[in-house]
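K.L.:
So that we are looking at the same thing, I have put the structure below in structure tokens.
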Amino acid sequence: MTATVDRKIRRSLMMALGRVPLLSLSFLFSLSLLLCLPSSTSISSATVVSTDTALKEVMAVEVQSYANVVKQIIDLALSGAAQNRSYSRLANFVDTIGHRVSGSQNLEKAIEYMHKAMTQDGLDVHLEPVKIPHWVRGEESAEMILPRAKKMAILGLGSSVGTSPEGITAEVLVVQSFEELERRASEAAGKIVVFNQPFVSYFETVLYRRDGASAAAKVGAVASLIRSITPFSINSPHTGWQVYQDGVGHIPTACITIEDAELMARMAQRGQKIEVRLTMGAKTLPDADSFNTVAEIVGWEYPEQVVLLSGHLDSWDVGQGAMDDGGGSIISWEALSLIKDLGLRPRRTLRAVLWTAEEQGGVGAQQYYDLHKVNVSNFNLVMESDLGTFSPVALQFTGNDAAREVMEEVVSLLAPINLTKLEKDGEGTDISYWLEAGVPGASLHVEDSKYFWFHHTEGDTMTVQNPRDMDLCSALWAAVGYVVADLKDMLPR
């Protein structure tokens, strides 16, 4: 097989020669010979492969030229003036504001707080208005009446309807799966269905929280109680968003603890009749006004091109929302602070977006995408941190093979903190719209074995956070964001 040396190849090689002055003499000589060939010259596929290898070497040398800058970022974050700063910022924020559920005054106070704090930090900050859901929990309780009296810890699920003021008192049907409910559908009418599904993984087991109410309503149940989506419990219920299916009646639904779900399962196996009284004051109000909070360092050469770092500012109405996702928001701000403090300004705009109403299904992010998708070709990389800011393990990445080669080289710069692993499948609710449009994406993989212990509970507080871990996450976030934003070329797609 042969190929013709065309203008595009020549232009790429000329750019490569002009870009990196530190290539080996033999490499430069090989490129020079190739450039001197007449345009009609046919060359073998082996030569084309050699050219590809040469271009990869050019890319690698360019990326490696940032080693010194990355070391400065790491040193500033881990042992310099910014040491422990991201942790302190998070603590000040969540201790001042508390939890921040969609539609609440606390969420809007949080947005005002971050707008002011990032402006005082010297960043360009603005707010982009969106409409978000406004669900209110109200007073809620559950107690077992038969076979014995017992109060149960519950958390109503987002978007659930409430009960009447006197509540619902009904017999319980305990099942372990959707399939068991289907088999026992004739037993469900007029009962409260309790799902005691085992925890397999979050993304598999969460289907019970999302779809349990509608599945129970289809077979005539009057309410559903879902075993919390967690592998571990100290009698701690976990909340979250649930979705009513079209054409199916809406029944109240809440999560209960592992302990109470298993207790009722054992009682049912013994053939004991179980009755529960459930009272929920939940209601959905008209959509509320809110904002995505945007801070940036505008690029000096290509200001219209963007590397986006993000976390979501909203949380559930329990705990402090420190882990989910105060930490992701703070390291996205901290990344820009580190770059600014070092006097750096990348070629492209480095933008931090603190999303609103992620917990309700990425509502703020969807509206941001709808507003900015006309410029999708200018979004170079979108990054999201939403699985905690514990000890970082790797960067996860979604993109084509050529982009992956660049990113592998970029993360190799993090050798001083032993974070050189690039994994597959960068993902996140808030960046998913961009990934579907073909924009390269990245997410933070942390040591998250205990993340779902605290997820959506009263236990999501500063107590689960660690200053050193947050410094490492901030350094990774800043280094990757800056290097990708400053490379001469955008990531291939």
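Just so we're on the same page: first chain in the structure tokens is A, next is B, and so on; residues restart at 1 for each chain, and ligands are numbered from 1 in the order they show up.
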May I have a table of the residues of segment 222-310 of chain A lying at most 6 Å from segment 129-149 of chain A, giving each one's closest pair of atoms and their distance in Å to one decimal, counting only C-alpha atoms, ordered by chain and ascending residue number, as a Markdown table?
P.N.:
| residue | atom | partner | partner_atom | distance |
| --- | --- | --- | --- | --- |
| A:Ile274 | CA | A:Leu146 | CA | 4.9 |
| A:Glu275 | CA | A:Leu146 | CA | 4.9 |
| A:Val276 | CA | A:Met144 | CA | 4.4 |
| A:Arg277 | CA | A:Glu143 | CA | 5.4 |
| A:Leu278 | CA | A:Ala142 | CA | 4.5 |
| A:Thr279 | CA | A:Ser141 | CA | 5.3 |
| A:Met280 | CA | A:Glu140 | CA | 4.3 |
| A:Gly281 | CA | A:Gly138 | CA | 4.4 |
| A:Ala282 | CA | A:Arg137 | CA | 4.4 |
| A:Lys283 | CA | A:Val136 | CA | 5.5 |
| A:Thr284 | CA | A:Trp135 | CA | 4.4 |
| A:Leu285 | CA | A:His134 | CA | 5.4 |
| A:Asp287 | CA | A:Pro133 | CA | 4.7 |
| A:Ala288 | CA | A:Ile132 | CA | 5.3 |
| A:Asp289 | CA | A:Lys131 | CA | 4.9 |
| A:Ser290 | CA | A:Val130 | CA | 5.3 |
| A:Phe291 | CA | A:Pro129 | CA | 4.4 |
K.L.:
Taking a cut-off of 10 Å and counting only C-alpha atoms, can you build a table that, for each residue of segment 233-316 of chain A near segment 432-449 of chain A, reports the nearest atom pair and how far apart they are in Å (one decimal), sorted by chain then residue number, as a tab-separated table?
P.N.:
residue	atom	partner	partner_atom	distance
A:Val307	CA	A:Gly441	CA	9.8
A:Leu308	CA	A:Gly441	CA	9.3
A:Leu309	CA	A:Ala442	CA	9.2
A:Ser310	CA	A:Ser443	CA	9.5
K.L.:
From the list A:Arg184, A:Ser337, A:Ser201, A:Ile73, which residue is nearest Leu414 of chain A when using only C-alpha atoms?
P.N.:
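Selected residue with least distance to Leu414 of chain A: A:Ile73.
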K.L.:
Hey, what does DSSP flag as strand (DSSP E or B) within segment 219-338 of chain A? Can you give it to me as a PyMOL selection string?
P.N.:
chain A and resi 223-227+241+253-256+275-280+283-297+302-312
K.L.:
Can you pull out the residues contacting Ala217 of chain A? Cut-off 9 Å, using only C-alpha atoms, and skip same-chain residues under 4 positions away; I want them as a VMD selection string.
P.N.:
chain A and resid 189 212 to 213 221 to 224 248 to 251
K.L.:
From the list A:Gln72, A:Ser236, A:Thr398, A:Gln360, which residue is nearest Asp341 of chain A when using only C-alpha atoms?
P.N.:
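Of all the options, A:Gln72 lies closest to Asp341 of chain A.
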